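Working notes, structure below.
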Amino acid sequence: MGTLNEEKLTGYLDSLVEKGIPSVDCIVYKDHKEIYRHMNGTVDIDKKQPVQPDQRYLMFSMTKVQTMTAFMQLVEEGKVSLEDEVGKYIPSYKKLFVNDELGLRELTEPMKIWHLLSMQSGLDYDMTRPGLLRVLKEKGENATTKDIVDSFIESPLEFVPGTHFHYSFSHDVVARIIEVITGMSFGEYLKEKIWQPLGMHDTFFAKPDNTGLERLAQQYIMNDDGIVPMEQTCNYQFTEKYQSGGAGLVSCTEDYAKLADTLACGGVTADGVRILKPETVEIFKKNLLGEAGLQEIVSSMGRKGYGYSCGMQVFMHPEVVGSSAPAGIFGWDGAAGSCIQMDTVSKTSIVYVQHVRNCGMAYDIIHPTLRDIVFGGTD
């Protein structure tokens with residue numbers, strides 16, 4: 001990448017607020033140095049409170065970046081393999097059924113962990129599935145991560161694992177596997193192995209109702225009426241005792257920037273604390289999708305030029321979208337429009353945060369534009 005065009009980046013971020021995004025916050029790191037930070041907009045319903053550096057947000061699927069980082073630590077330690085069967089760690093997943101074009105039948109091949117990591121498990125994101133509703137009705141706020149993850153497979157899989165890409169509850173299952181392997185709650189593991197080593201002091205699991213949580217930016221939703229306020233709920237945190245590996249965290253831009261910088265620099269912090277080996281970080285840049293999956297990540301999510309690895313998209317073909325950014329950029333995003341993007345070659349990372357649900361332009365326009373400005377050196 002060339003020299004960052006700060007004026008262009010600031011102008012673009014400010015234009016988003018002018019177009020109606022209530023607030024934006026963006027941090028760029030290069031080789032452990034913060035080289036850019038810009039905030040604009042307001043974070044309250046009355047639109048009088050300016051966005052603050054320590055503002056909290058519901059991170060939704062940006063949680064997946066932490067889940068994958070945590071899981072790959074266990075792979076490094078030899079405690080688990082991507083080729084392991086899921087049923088080895090979660091007994092309820094030993095006997096699975098699939099209902100596809102061939103009809104309803106029992107699977108003859110096991111679901112493997114890499115199927116979960118790459119969203120090729122056959123699960124879906126149906127929050128009204130019968131098993132889930134049954135558990136919530138029977139156990140209420142006492143339903144645990146184990147209870148809910150076990151309930152996912154009471155419905156048949158949508159396809160044979162490994163044959164298609166379909167965004168799903170897969171990473172919630174991975175969080176449960178981490179609990180089984182470590183004997184810790186998922187949150188305890190993240191705190192000990194990621195949050196404390198990186199100095200991420202403002203990251204934690206959301207609650208089903210976050211009313212009154214200090215410094216939480218007002219959440220909005222884009223609908224036919226425009227961009228309007230919505231409840232401060234994290235609907236993926238099903239109960240007080242559930243810790244969603246796919247979408248459960250509350251955090252702030254500054255905390256996520258520390259994680260992004262660490263991964264962009266091969267898994268090590270500025271202070272020399274290593275959370276992953278460089279060769280492990282490189283795995284995040286290796287596409288795991290077959291031909292069908294590569295077509296499906298475009299048709300279902302619009303990710304032209306991208307493949308998908310262990311919980312993160314990887315930019316494979318810049319020429320497909322006419323991008324000046326290099327191949328190899330990896331990261332992911334969240335349901336409120338935030339994103340994290342990293343490049344190990346230039347040791348550069350960007351974390352962008354907004355708080356608007358159902359904002360299609362975030363994924364189709366904003367994130368690619370930020371990618372090209374930061375990594376492509378576009379003038």
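Labels for the structure tokens follow display order: chains A, B, ..., residues from 1 in each chain, ligands from 1.
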When you look at stretch 78-85 of chain A with a cut-off of 6 Å (counting only C-alpha atoms), what residues show up, excluding the ones that are within fewer than 6 positions of it in the same chain? I need them as a short mmCIF file (atom, residue, chain, number, x, y, z; two decimals) with N, CA and C atoms, in the first residue's frame.
```cif
data_model
loop_
_atom_site.label_atom_id
_atom_site.label_comp_id
_atom_site.auth_asym_id
_atom_site.auth_seq_id
_atom_site.Cartn_x
_atom_site.Cartn_y
_atom_site.Cartn_z
N MET A 111 -20.00 -34.51 10.42
CA MET A 111 -19.69 -33.09 10.34
C MET A 111 -18.31 -32.89 10.98
N LYS A 112 -17.42 -32.20 10.28
CA LYS A 112 -16.08 -31.95 10.80
C LYS A 112 -15.94 -30.48 11.22
N ILE A 113 -14.95 -30.22 12.04
CA ILE A 113 -14.79 -28.88 12.58
C ILE A 113 -14.55 -27.85 11.49
N TRP A 114 -13.83 -28.20 10.44
CA TRP A 114 -13.58 -27.21 9.40
C TRP A 114 -14.87 -26.84 8.66
#
```
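Neighbouring residues of A:Val86 at 9 Å or closer, counting only C-alpha atoms and skipping chain neighbours under 6 positions away, are A:Tyr93, A:Lys94, A:Pro110, A:Met111, A:Lys112, A:Ile113, A:Leu116, A:Val173, A:Val174, A:Ile177.
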Taking only C-alpha atoms into account, produce a table as JSON lines in which each residue of stretch 183-259 of chain A with an atom at most 9 Å from an atom of stretch 120-136 of chain A appears once, together with its shortest atom pair and the distance in Å to one decimal, ordered by chain and rising number.
```
{"residue": "A:Tyr236", "atom": "CA", "partner": "A:Met127", "partner_atom": "CA", "distance": 8.4}
{"residue": "A:Phe238", "atom": "CA", "partner": "A:Leu136", "partner_atom": "CA", "distance": 7.9}
{"residue": "A:Thr239", "atom": "CA", "partner": "A:Leu136", "partner_atom": "CA", "distance": 8.0}
```
So which residues touch stretch 8-13 of chain A within 8 Å, counting only C-alpha atoms, skipping near sequence neighbours fewer than 2 positions away, as a list in words? Asn5, Glu6, Ser15, Leu16, Val17, Val24, His38, Asn40, Leu370, Ile373, Val374 and Asp379 of chain A
Include N, CA, C and O atoms and write out the residues we just selected as a PDB file, in the first residue's frame.
```
ATOM      1  N   ASN A   5      -4.096   8.271   2.306  1.00  0.00           N
ATOM      2  CA  ASN A   5      -4.678   9.564   1.962  1.00  0.00           C
ATOM      3  C   ASN A   5      -5.689   9.929   3.048  1.00  0.00           C
ATOM      4  O   ASN A   5      -6.879   9.610   2.949  1.00  0.00           O
ATOM      5  N   GLU A   6      -5.207  10.562   4.096  1.00  0.00           N
ATOM      6  CA  GLU A   6      -6.054  10.864   5.247  1.00  0.00           C
ATOM      7  C   GLU A   6      -7.189  11.815   4.884  1.00  0.00           C
ATOM      8  O   GLU A   6      -8.309  11.672   5.379  1.00  0.00           O
ATOM      9  N   SER A  15     -18.869  12.070   4.797  1.00  0.00           N
ATOM     10  CA  SER A  15     -19.967  12.000   3.833  1.00  0.00           C
ATOM     11  C   SER A  15     -21.016  10.980   4.260  1.00  0.00           C
ATOM     12  O   SER A  15     -22.204  11.128   3.938  1.00  0.00           O
ATOM     13  N   LEU A  16     -20.603   9.949   4.977  1.00  0.00           N
ATOM     14  CA  LEU A  16     -21.549   8.941   5.454  1.00  0.00           C
ATOM     15  C   LEU A  16     -22.509   9.547   6.475  1.00  0.00           C
ATOM     16  O   LEU A  16     -23.708   9.253   6.471  1.00  0.00           O
ATOM     17  N   VAL A  17     -21.976  10.384   7.353  1.00  0.00           N
ATOM     18  CA  VAL A  17     -22.827  11.057   8.335  1.00  0.00           C
ATOM     19  C   VAL A  17     -23.775  12.016   7.621  1.00  0.00           C
ATOM     20  O   VAL A  17     -24.963  12.110   7.961  1.00  0.00           O
ATOM     21  N   VAL A  24     -19.972   7.495  12.959  1.00  0.00           N
ATOM     22  CA  VAL A  24     -18.920   6.639  12.410  1.00  0.00           C
ATOM     23  C   VAL A  24     -17.672   6.796  13.263  1.00  0.00           C
ATOM     24  O   VAL A  24     -17.437   7.851  13.857  1.00  0.00           O
ATOM     25  N   HIS A  38     -10.606   8.808  13.271  1.00  0.00           N
ATOM     26  CA  HIS A  38     -11.588   9.856  12.993  1.00  0.00           C
ATOM     27  C   HIS A  38     -12.961   9.396  13.432  1.00  0.00           C
ATOM     28  O   HIS A  38     -13.358   8.251  13.186  1.00  0.00           O
ATOM     29  N   ASN A  40     -17.189  10.910  13.886  1.00  0.00           N
ATOM     30  CA  ASN A  40     -18.140  11.964  13.558  1.00  0.00           C
ATOM     31  C   ASN A  40     -19.548  11.455  13.861  1.00  0.00           C
ATOM     32  O   ASN A  40     -19.802  10.254  13.847  1.00  0.00           O
ATOM     33  N   LEU A 370     -13.652   1.675   1.915  1.00  0.00           N
ATOM     34  CA  LEU A 370     -12.622   1.799   2.949  1.00  0.00           C
ATOM     35  C   LEU A 370     -11.421   0.922   2.629  1.00  0.00           C
ATOM     36  O   LEU A 370     -10.262   1.333   2.799  1.00  0.00           O
ATOM     37  N   ILE A 373      -9.394   2.665  -0.131  1.00  0.00           N
ATOM     38  CA  ILE A 373      -8.711   3.885   0.315  1.00  0.00           C
ATOM     39  C   ILE A 373      -7.516   3.527   1.193  1.00  0.00           C
ATOM     40  O   ILE A 373      -6.418   4.072   1.029  1.00  0.00           O
ATOM     41  N   VAL A 374      -7.720   2.599   2.140  1.00  0.00           N
ATOM     42  CA  VAL A 374      -6.666   2.288   3.114  1.00  0.00           C
ATOM     43  C   VAL A 374      -5.580   1.393   2.536  1.00  0.00           C
ATOM     44  O   VAL A 374      -4.382   1.654   2.694  1.00  0.00           O
ATOM     45  N   ASP A 379      -6.126   7.622  -4.840  1.00  0.00           N
ATOM     46  CA  ASP A 379      -6.094   9.082  -4.671  1.00  0.00           C
ATOM     47  C   ASP A 379      -7.424   9.700  -5.070  1.00  0.00           C
ATOM     48  O   ASP A 379      -8.239   9.069  -5.694  1.00  0.00           O
TER      49      ASP A 379
END
```
Just want the 6 Å neighbourhood of stretch 309-316 of chain A, counted on only C-alpha atoms, with same-chain residues fewer than 3 positions away dropped. Output as number ranges by chain. A: 117-118, 284-288, 305-306, 327-332
Top pick for closest residue to A:Ser170, considering A:Ser251, A:Ser155, A:Thr67, A:Thr182 and counting only C-alpha atoms: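 Ranked by minimum distance to A:Ser170, first place goes to A:Thr67.
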Mind checking which residues fall within 7 Å of A:Gly377, counting only C-alpha atoms, ignoring those fewer than 4 positions away in the same chain, and posting them as a list in words?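 Non-adjacent residues within range: Met1, Gly2, Thr3, Leu4, Asn5, Asp372 and Ile373 of chain A.
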Taking the DSSP assignment computed from this structure's backbone, write out as a list in words all residues of stretch 240-316 of chain A that belong to strand (DSSP E).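 Matching residues for strand (DSSP E) in stretch 240-316 of chain A are Leu249, Val250, Ser251, Cys252, Tyr306, Gly307, Tyr308, Gln313, Val314 and Phe315 of chain A.
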For the residues in the current selection, export N, CA and C atoms as an mmCIF file, in the first residue's frame.
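Below is the file that was written, again_19.cif:
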```
data_model
loop_
_atom_site.group_PDB
_atom_site.id
_atom_site.type_symbol
_atom_site.label_atom_id
_atom_site.label_comp_id
_atom_site.auth_asym_id
_atom_site.auth_seq_id
_atom_site.Cartn_x
_atom_site.Cartn_y
_atom_site.Cartn_z
ATOM 1 N N LEU A 249 -20.830 -10.177 21.349
ATOM 2 C CA LEU A 249 -20.012 -9.246 22.117
ATOM 3 C C LEU A 249 -20.435 -7.782 22.029
ATOM 4 N N VAL A 250 -20.221 -7.093 23.136
ATOM 5 C CA VAL A 250 -20.205 -5.629 23.192
ATOM 6 C C VAL A 250 -18.736 -5.227 23.256
ATOM 7 N N SER A 251 -18.359 -4.203 22.512
ATOM 8 C CA SER A 251 -16.970 -3.758 22.554
ATOM 9 C C SER A 251 -16.897 -2.311 22.085
ATOM 10 N N CYS A 252 -15.681 -1.825 21.889
ATOM 11 C CA CYS A 252 -15.480 -0.468 21.393
ATOM 12 C C CYS A 252 -14.433 -0.512 20.286
ATOM 13 N N TYR A 306 -14.149 -12.391 -3.278
ATOM 14 C CA TYR A 306 -13.755 -12.952 -1.993
ATOM 15 C C TYR A 306 -13.949 -14.466 -1.925
ATOM 16 N N GLY A 307 -13.108 -15.102 -1.118
ATOM 17 C CA GLY A 307 -13.323 -16.457 -0.655
ATOM 18 C C GLY A 307 -13.600 -16.386 0.831
ATOM 19 N N TYR A 308 -13.673 -17.547 1.471
ATOM 20 C CA TYR A 308 -13.974 -17.579 2.905
ATOM 21 C C TYR A 308 -13.119 -18.655 3.552
ATOM 22 N N GLN A 313 -13.622 -13.597 5.636
ATOM 23 C CA GLN A 313 -13.504 -13.531 4.188
ATOM 24 C C GLN A 313 -12.072 -13.149 3.831
ATOM 25 N N VAL A 314 -11.622 -13.604 2.676
ATOM 26 C CA VAL A 314 -10.288 -13.245 2.202
ATOM 27 C C VAL A 314 -10.411 -12.725 0.779
ATOM 28 N N PHE A 315 -9.775 -11.593 0.531
ATOM 29 C CA PHE A 315 -9.832 -10.929 -0.771
ATOM 30 C C PHE A 315 -8.912 -11.688 -1.724
#
```
So that I can check the surroundings of A:Ala264, please list as a ChimeraX atom specification every protein, DNA and RNA residue that reaches within 12 Å of it, counting only C-alpha atoms and ignoring chain neighbours fewer than 2 positions away. /A:28-33,257-262,266-270,276-278,280-282,284-285,328-331,340-351
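In terms of minimum interatomic distance to A:Asp147, A:Ile90 ranks closest within A:Cys26, A:Leu74, A:Ile90, A:Met68, counting only C-alpha atoms.
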Could you tell me, as a ChimeraX atom specification, which residues of stretch 70-277 of chain A DSSP assigns to alpha helix (DSSP H) when given the backbone? /A:70-76,113-117,130-139,145-151,170-182,186-190,196-198,253-264
Quick one, how far is atom CA of A:Tyr352 from atom CA of A:Leu198?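 A separation of 18.8 Å between them.
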What is the distance between atom CA of A:Met39 and atom CA of A:Gly246, in Å to one decimal?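 Between these atoms lies a distance of 26.7 Å.
Shortest separation to A:Pro326 among A:Pro161, A:Phe375, A:Gly360, A:Asp225 occurs at residue A:Phe375, atoms counted being only C-alpha atoms.
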